[in-house]
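Asker: Got a structure for you, written out below as structure tokens; questions coming shortly.
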Amino acid sequence: MSNLLNIGISGLRVHQTALTVTGHNIANVDTEGYSRQDVTITNQNPQFQGGVWVGSGSMVQDVRRIFDEFLVGQLQKDTSTFNFFETLSTNAAQIDSLLADPGTGVQPGIENMFGAFQAAIDDPSSLPARQVLISESQGLVDRFHSINDRLNDSNEILNGQLGAITTQISTLGESIAELNVQIQFATASANGNYPNDLLDKRDLAIKELSELVSVTVVSQDNDAVNVFIGNGQPLVLGKDFNTVTTQSGADDPTRDSIIFKRDDVIQDITREIQGGQIGGILEYRNSVLDPVTNQLG
């Protein structure tokens with residue numbers, strides 16, 4: 001009777017744990033980055049009684065996350081690619097609107113000026129035609145100045161955005177390094193059982209980082225991860241992290257460069273940064289803003 005009661009109690013405890021995990025899943029159904037958890041139930045070691053092996057109930061072997069490492073990695077890559085093109089498209093659309101707008105674009109001003117030229121040629125002695133030509137010419141000059149000012153303002157805005165994004169990258173790098181330490185400690189304290197919620201938080205931080213810049217994640221044997229950006233620059237190495245910032249460009253002080261800091265060593269990684277919002281901004285500056293500025297000149 002005693003063994004039967006123990007078996008029944010073990011079953012109650014196991015399924016109580018299963019209900020607790022189910023409740024945890026339901027409570028976090030809207031939690032961003034949360035991975036559903038599942039209870040692994042196994043039988044306890046049987047006991048040898050009366051010449052036979054008699055079962056002794058069940059126990060919880062593990063509470064594991066339901067996730068796919070490949071899909072998580074693919075999500076990070078797709079997130080980086082999406083934010084790259086979205087940022088590029090958003091900024092390019094502003095330039096397109098500026099140049100195509102009838103009130104601010106160059107082409108309408110040029111057409112108006114050449115129309116005034118034709119009118120002056122048709123009637124060279126007409127003072128009103130001459131005045132219109134002078135007025136349209138001055139209007140075209142004003143349009144050039146206005147567009148040039150807008151382009152310069154756009155460059156300043158980009159510098160501010162780059163500064164804000166690099167600060168976010170450094171902050172997320174620090175958070176991932178701290179989560180590495182917490183995960184290692186929790187795993188060691190639980191005899192190798194993983195802290196699922198902390199793993200979710202770390203994956204979410206990496207996903208948020210991939211929105212800003214393309215990342216490469218490498219798992220360590222000690223349950224930590226290393227995170228690399230650019231051309232293999234280590235943003236996170238286990239419990240250690242490095243920072244990213246901006247400074248005035250060496251070739252053009254009006255264009256900020258991306259600087260990677262590791263200890264006392266700094267490295268310009270502007271040309272090596274890819275993906276994410278910061279990659280989209282750099283691509284917009286190089287492929288859209290600079291050519292437009294040069295063509296306007």
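Order determines the names: the first chain of the structure tokens is A, the second B, and so forth; residues in each chain are numbered 1 upward, and ligands are numbered 1 upward as they are shown.
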Need to verify the contact set: Thr166 in chain A, 12 Å, only C-alpha atoms, exclusion of same-chain residues closer than 5 positions in sequence. Can you return it as a VMD selection string?

Answerer: chain A and resid 159 to 161 171 to 173 209 212 to 213 229 235 242 to 247 256 to 261 269 to 270 273 276 to 279

Asker: Identify, on the basis of only C-alpha atoms, every residue whose closest approach to Lys201 in chain A does not exceed 12 Å; exclude the query and any residue fewer than 3 positions from it along the same chain; express the result as a list in words.

Answerer: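 Counting only the stated atoms, we get Thr31, Glu32, Gly33, Tyr34, Ser35, Leu172, Ser175, Ile176, Ala177, Glu178, Leu179, Asn180, Gln182, Ile183, Pro195, Asn196, Asp197, Leu198, Leu204, Ala205, Ile206, Lys207 and Glu208 of chain A.
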
Asker: Keeping only N, CA, C and O atoms, take the residues you just selected and write them out as a CSV table (one decimal), in the first residue's frame.

Answerer:
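See part35.csv below for the written result:
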chain,number,residue,atom,x,y,z
A,31,THR,N,3.9,37.4,-24.8
A,31,THR,CA,5.2,37.9,-24.4
A,31,THR,C,6.1,37.8,-25.6
A,31,THR,O,6.3,36.7,-26.2
A,32,GLU,N,6.7,38.9,-26.0
A,32,GLU,CA,7.6,38.9,-27.2
A,32,GLU,C,8.8,38.1,-26.9
A,32,GLU,O,9.5,38.2,-25.9
A,33,GLY,N,9.1,37.2,-27.9
A,33,GLY,CA,10.3,36.4,-27.8
A,33,GLY,C,10.2,35.1,-26.9
A,33,GLY,O,11.1,34.3,-26.8
A,34,TYR,N,9.0,34.9,-26.4
A,34,TYR,CA,8.8,33.7,-25.5
A,34,TYR,C,8.6,32.5,-26.4
A,34,TYR,O,7.9,32.4,-27.4
A,35,SER,N,9.3,31.4,-25.9
A,35,SER,CA,9.2,30.1,-26.6
A,35,SER,C,8.4,29.2,-25.7
A,35,SER,O,8.6,29.1,-24.5
A,172,LEU,N,22.8,46.7,-26.3
A,172,LEU,CA,22.4,45.4,-26.5
A,172,LEU,C,23.5,44.4,-26.3
A,172,LEU,O,23.4,43.3,-25.8
A,175,SER,N,23.9,43.9,-22.7
A,175,SER,CA,22.9,43.0,-22.1
A,175,SER,C,23.1,41.6,-22.5
A,175,SER,O,22.8,40.7,-21.6
A,176,ILE,N,23.5,41.3,-23.7
A,176,ILE,CA,23.8,39.9,-24.1
A,176,ILE,C,24.9,39.3,-23.2
A,176,ILE,O,24.8,38.1,-22.8
A,177,ALA,N,25.9,40.1,-23.0
A,177,ALA,CA,27.0,39.6,-22.1
A,177,ALA,C,26.5,39.3,-20.7
A,177,ALA,O,26.9,38.3,-20.1
A,178,GLU,N,25.7,40.1,-20.2
A,178,GLU,CA,25.2,39.9,-18.8
A,178,GLU,C,24.3,38.7,-18.8
A,178,GLU,O,24.3,37.9,-17.8
A,179,LEU,N,23.5,38.5,-19.8
A,179,LEU,CA,22.6,37.3,-19.9
A,179,LEU,C,23.5,36.0,-20.0
A,179,LEU,O,23.1,35.0,-19.5
A,180,ASN,N,24.6,36.1,-20.7
A,180,ASN,CA,25.5,35.0,-20.8
A,180,ASN,C,25.9,34.6,-19.4
A,180,ASN,O,25.9,33.4,-19.0
A,182,GLN,N,24.4,35.2,-16.5
A,182,GLN,CA,23.2,34.7,-15.7
A,182,GLN,C,22.9,33.3,-16.2
A,182,GLN,O,22.5,32.4,-15.3
A,183,ILE,N,22.9,33.0,-17.5
A,183,ILE,CA,22.6,31.7,-18.0
A,183,ILE,C,23.6,30.6,-17.5
A,183,ILE,O,23.2,29.5,-17.1
A,195,PRO,N,17.9,27.5,-18.0
A,195,PRO,CA,16.9,28.5,-17.6
A,195,PRO,C,16.2,29.0,-18.9
A,195,PRO,O,16.7,29.9,-19.5
A,196,ASN,N,15.1,28.4,-19.2
A,196,ASN,CA,14.5,28.7,-20.5
A,196,ASN,C,14.1,30.1,-20.7
A,196,ASN,O,14.3,30.7,-21.8
A,197,ASP,N,13.6,30.8,-19.7
A,197,ASP,CA,13.2,32.2,-19.8
A,197,ASP,C,14.4,33.1,-20.1
A,197,ASP,O,14.3,34.1,-20.8
A,198,LEU,N,15.5,32.8,-19.5
A,198,LEU,CA,16.7,33.6,-19.7
A,198,LEU,C,17.2,33.4,-21.2
A,198,LEU,O,17.7,34.3,-21.8
A,204,LEU,N,15.9,37.1,-27.8
A,204,LEU,CA,15.2,38.3,-28.1
A,204,LEU,C,16.2,39.5,-28.3
A,204,LEU,O,16.0,40.3,-29.2
A,205,ALA,N,17.2,39.6,-27.4
A,205,ALA,CA,18.2,40.7,-27.4
A,205,ALA,C,19.0,40.6,-28.7
A,205,ALA,O,19.3,41.6,-29.4
A,206,ILE,N,19.3,39.3,-29.1
A,206,ILE,CA,20.0,39.1,-30.4
A,206,ILE,C,19.2,39.5,-31.6
A,206,ILE,O,19.6,40.1,-32.5
A,207,LYS,N,17.9,39.2,-31.5
A,207,LYS,CA,17.0,39.6,-32.6
A,207,LYS,C,16.9,41.1,-32.7
A,207,LYS,O,16.9,41.6,-33.8
A,208,GLU,N,16.8,41.8,-31.6
A,208,GLU,CA,16.7,43.2,-31.6
A,208,GLU,C,18.0,43.8,-32.1
A,208,GLU,O,18.0,44.8,-32.8

Asker: Mind checking which residues fall within 9 Å of Val215 in chain A, counting only C-alpha atoms, ignoring those fewer than 6 positions away in the same chain, and posting them as an NGL selection string?

Answerer: :A and (76-77 or 80 or 206 or 209 or 227-230 or 274-275)

Asker: So which residues of range 124-254 of chain A fall under alpha helix (DSSP H) by DSSP, listed as a ChimeraX atom specification?

Answerer: /A:127-189,196-212

Asker: Would you list the contacts of range 66-68 of chain A as a list in words, taking every protein, DNA or RNA residue within 9 Å and counting only C-alpha atoms, but skipping same-chain residues closer than 2 positions in sequence?

Answerer: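 So, after excluding close chain neighbours, the residues are Ser35, Arg36, Gln37, Asp38, Arg64, Phe70, Leu71, Val72 and Gly73 of chain A.
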
Asker: Nearest to Thr90 in chain A among A:Val288, A:Asn294, A:Ser125, A:Gly139, with distances taken over only C-alpha atoms: which residue is it?

Answerer: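 Among A:Val288, A:Asn294, A:Ser125, A:Gly139, it is A:Val288 that comes nearest to Thr90 in chain A.
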
Asker: Which one of A:Leu158, A:Leu98, A:Ala120, A:Leu282 sits closest to Ser146 in chain A if you count only C-alpha atoms?

Answerer: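 Of A:Leu158, A:Leu98, A:Ala120, A:Leu282, the one nearest Ser146 in chain A is A:Leu98, counting only C-alpha atoms.
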
Asker: Among range 42-277 of chain A, which residues does DSSP mark as strand (DSSP E) when it is run on the backbone? Keep the chain and numbering as in the structure and answer as a PyMOL selection string.

Answerer: chain A and resi 42-43+47-49+52-54+58-65+215-219+225-229+233-237+240-241+243-248+256-262+265-268

Asker: In Å, rounded to a single decimal, give me how far CA of Asn83 in chain A is from CA of Glu283 in chain A.

Answerer: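 If I compute the distance from CA of Glu283 in chain A to CA of Asn83 in chain A, I get 12.2 Å.
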
Asker: What does the distance from CA of Arg202 in chain A to CA of Thr79 in chain A come to in Å, to one decimal?

Answerer: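 We find that CA of Arg202 in chain A and CA of Thr79 in chain A lie 15.9 Å from each other.
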
Asker: Which value, in Å to one decimal, gives the distance between CA of Ile266 in chain A and CA of Ile157 in chain A?

Answerer: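 CA of Ile266 in chain A sits 24.2 Å away from CA of Ile157 in chain A.
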
Asker: May I ask which of the residues A:Asp240, A:Ile121, A:Arg130, A:Met59 is the closest one to Asn226 in chain A, counting only C-alpha atoms?

Answerer: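 Ranking A:Asp240, A:Ile121, A:Arg130, A:Met59 by distance to Asn226 in chain A, first place goes to A:Asp240.
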
Asker: Show me, as number ranges by chain, the residues that have an atom within 12 Å of range 12-15 of chain A when counting only C-alpha atoms, minus same-chain residues fewer than 3 positions from it.

Answerer: A: 5-9, 18-22, 38-44, 57-63

Asker: Based on the selection just made, write N, CA, C and O atoms of those residues as a compact mmCIF listing (two decimals), in the first residue's frame.

Answerer:
# COMPACT_ATOMS: atom_id res chain seq x y z
N LEU A 5 0.79 4.29 -2.75
CA LEU A 5 0.58 5.69 -2.41
C LEU A 5 1.70 6.57 -2.96
O LEU A 5 1.46 7.67 -3.47
N ASN A 6 2.93 6.10 -2.84
CA ASN A 6 4.08 6.87 -3.35
C ASN A 6 3.99 7.06 -4.86
O ASN A 6 4.32 8.12 -5.40
N ILE A 7 3.53 5.97 -5.54
CA ILE A 7 3.39 6.07 -6.99
C ILE A 7 2.33 7.10 -7.34
O ILE A 7 2.50 7.94 -8.25
N GLY A 8 1.20 7.06 -6.62
CA GLY A 8 0.14 8.03 -6.87
C GLY A 8 0.59 9.45 -6.61
O GLY A 8 0.28 10.37 -7.37
N ILE A 9 1.34 9.64 -5.53
CA ILE A 9 1.84 10.98 -5.19
C ILE A 9 2.81 11.47 -6.26
O ILE A 9 2.78 12.65 -6.66
N ALA A 18 3.37 19.78 -14.74
CA ALA A 18 2.96 19.94 -16.14
C ALA A 18 1.90 21.03 -16.26
O ALA A 18 1.92 21.86 -17.19
N LEU A 19 0.95 21.07 -15.31
CA LEU A 19 -0.08 22.11 -15.33
C LEU A 19 0.54 23.49 -15.07
O LEU A 19 0.11 24.49 -15.65
N THR A 20 1.53 23.54 -14.19
CA THR A 20 2.21 24.80 -13.90
C THR A 20 2.90 25.33 -15.16
O THR A 20 2.81 26.52 -15.48
N VAL A 21 3.57 24.45 -15.89
CA VAL A 21 4.25 24.85 -17.13
C VAL A 21 3.22 25.30 -18.17
O VAL A 21 3.43 26.29 -18.89
N THR A 22 2.10 24.58 -18.26
CA THR A 22 1.04 24.98 -19.19
C THR A 22 0.50 26.36 -18.85
O THR A 22 0.27 27.20 -19.73
N ASP A 38 7.77 22.73 -22.62
CA ASP A 38 7.15 21.41 -22.56
C ASP A 38 7.83 20.58 -21.47
O ASP A 38 9.05 20.66 -21.29
N VAL A 39 7.03 19.78 -20.76
CA VAL A 39 7.56 18.94 -19.68
C VAL A 39 7.89 17.56 -20.22
O VAL A 39 7.06 16.93 -20.90
N THR A 40 9.09 17.09 -19.93
CA THR A 40 9.48 15.74 -20.28
C THR A 40 9.33 14.86 -19.04
O THR A 40 9.99 15.08 -18.03
N ILE A 41 8.44 13.87 -19.14
CA ILE A 41 8.15 12.99 -18.01
C ILE A 41 8.79 11.63 -18.27
O ILE A 41 8.71 11.09 -19.38
N THR A 42 9.42 11.07 -17.25
CA THR A 42 10.03 9.75 -17.36
C THR A 42 9.70 8.94 -16.10
O THR A 42 9.27 9.48 -15.09
N ASN A 43 9.89 7.64 -16.21
CA ASN A 43 9.62 6.77 -15.06
C ASN A 43 10.79 6.78 -14.08
O ASN A 43 11.95 6.92 -14.46
N GLN A 44 10.47 6.62 -12.79
CA GLN A 44 11.51 6.50 -11.78
C GLN A 44 12.12 5.09 -11.84
O GLN A 44 11.53 4.16 -12.40
N GLY A 57 6.75 4.71 -10.01
CA GLY A 57 6.13 5.98 -10.34
C GLY A 57 6.88 6.76 -11.41
O GLY A 57 7.71 6.21 -12.15
N SER A 58 6.58 8.05 -11.49
CA SER A 58 7.15 8.92 -12.53
C SER A 58 7.80 10.14 -11.92
O SER A 58 7.62 10.44 -10.74
N MET A 59 8.55 10.86 -12.76
CA MET A 59 9.20 12.09 -12.32
C MET A 59 9.40 13.00 -13.52
O MET A 59 9.35 12.57 -14.68
N VAL A 60 9.61 14.28 -13.25
CA VAL A 60 9.89 15.25 -14.30
C VAL A 60 11.38 15.21 -14.62
O VAL A 60 12.22 15.45 -13.75
N GLN A 61 11.70 14.86 -15.85
CA GLN A 61 13.10 14.80 -16.26
C GLN A 61 13.64 16.16 -16.68
O GLN A 61 14.77 16.52 -16.38
N ASP A 62 12.77 16.94 -17.37
CA ASP A 62 13.26 18.22 -17.89
C ASP A 62 12.07 19.09 -18.30
O ASP A 62 10.99 18.58 -18.60
N VAL A 63 12.28 20.40 -18.29
CA VAL A 63 11.35 21.36 -18.87
C VAL A 63 12.12 22.07 -19.98
O VAL A 63 13.06 22.82 -19.71
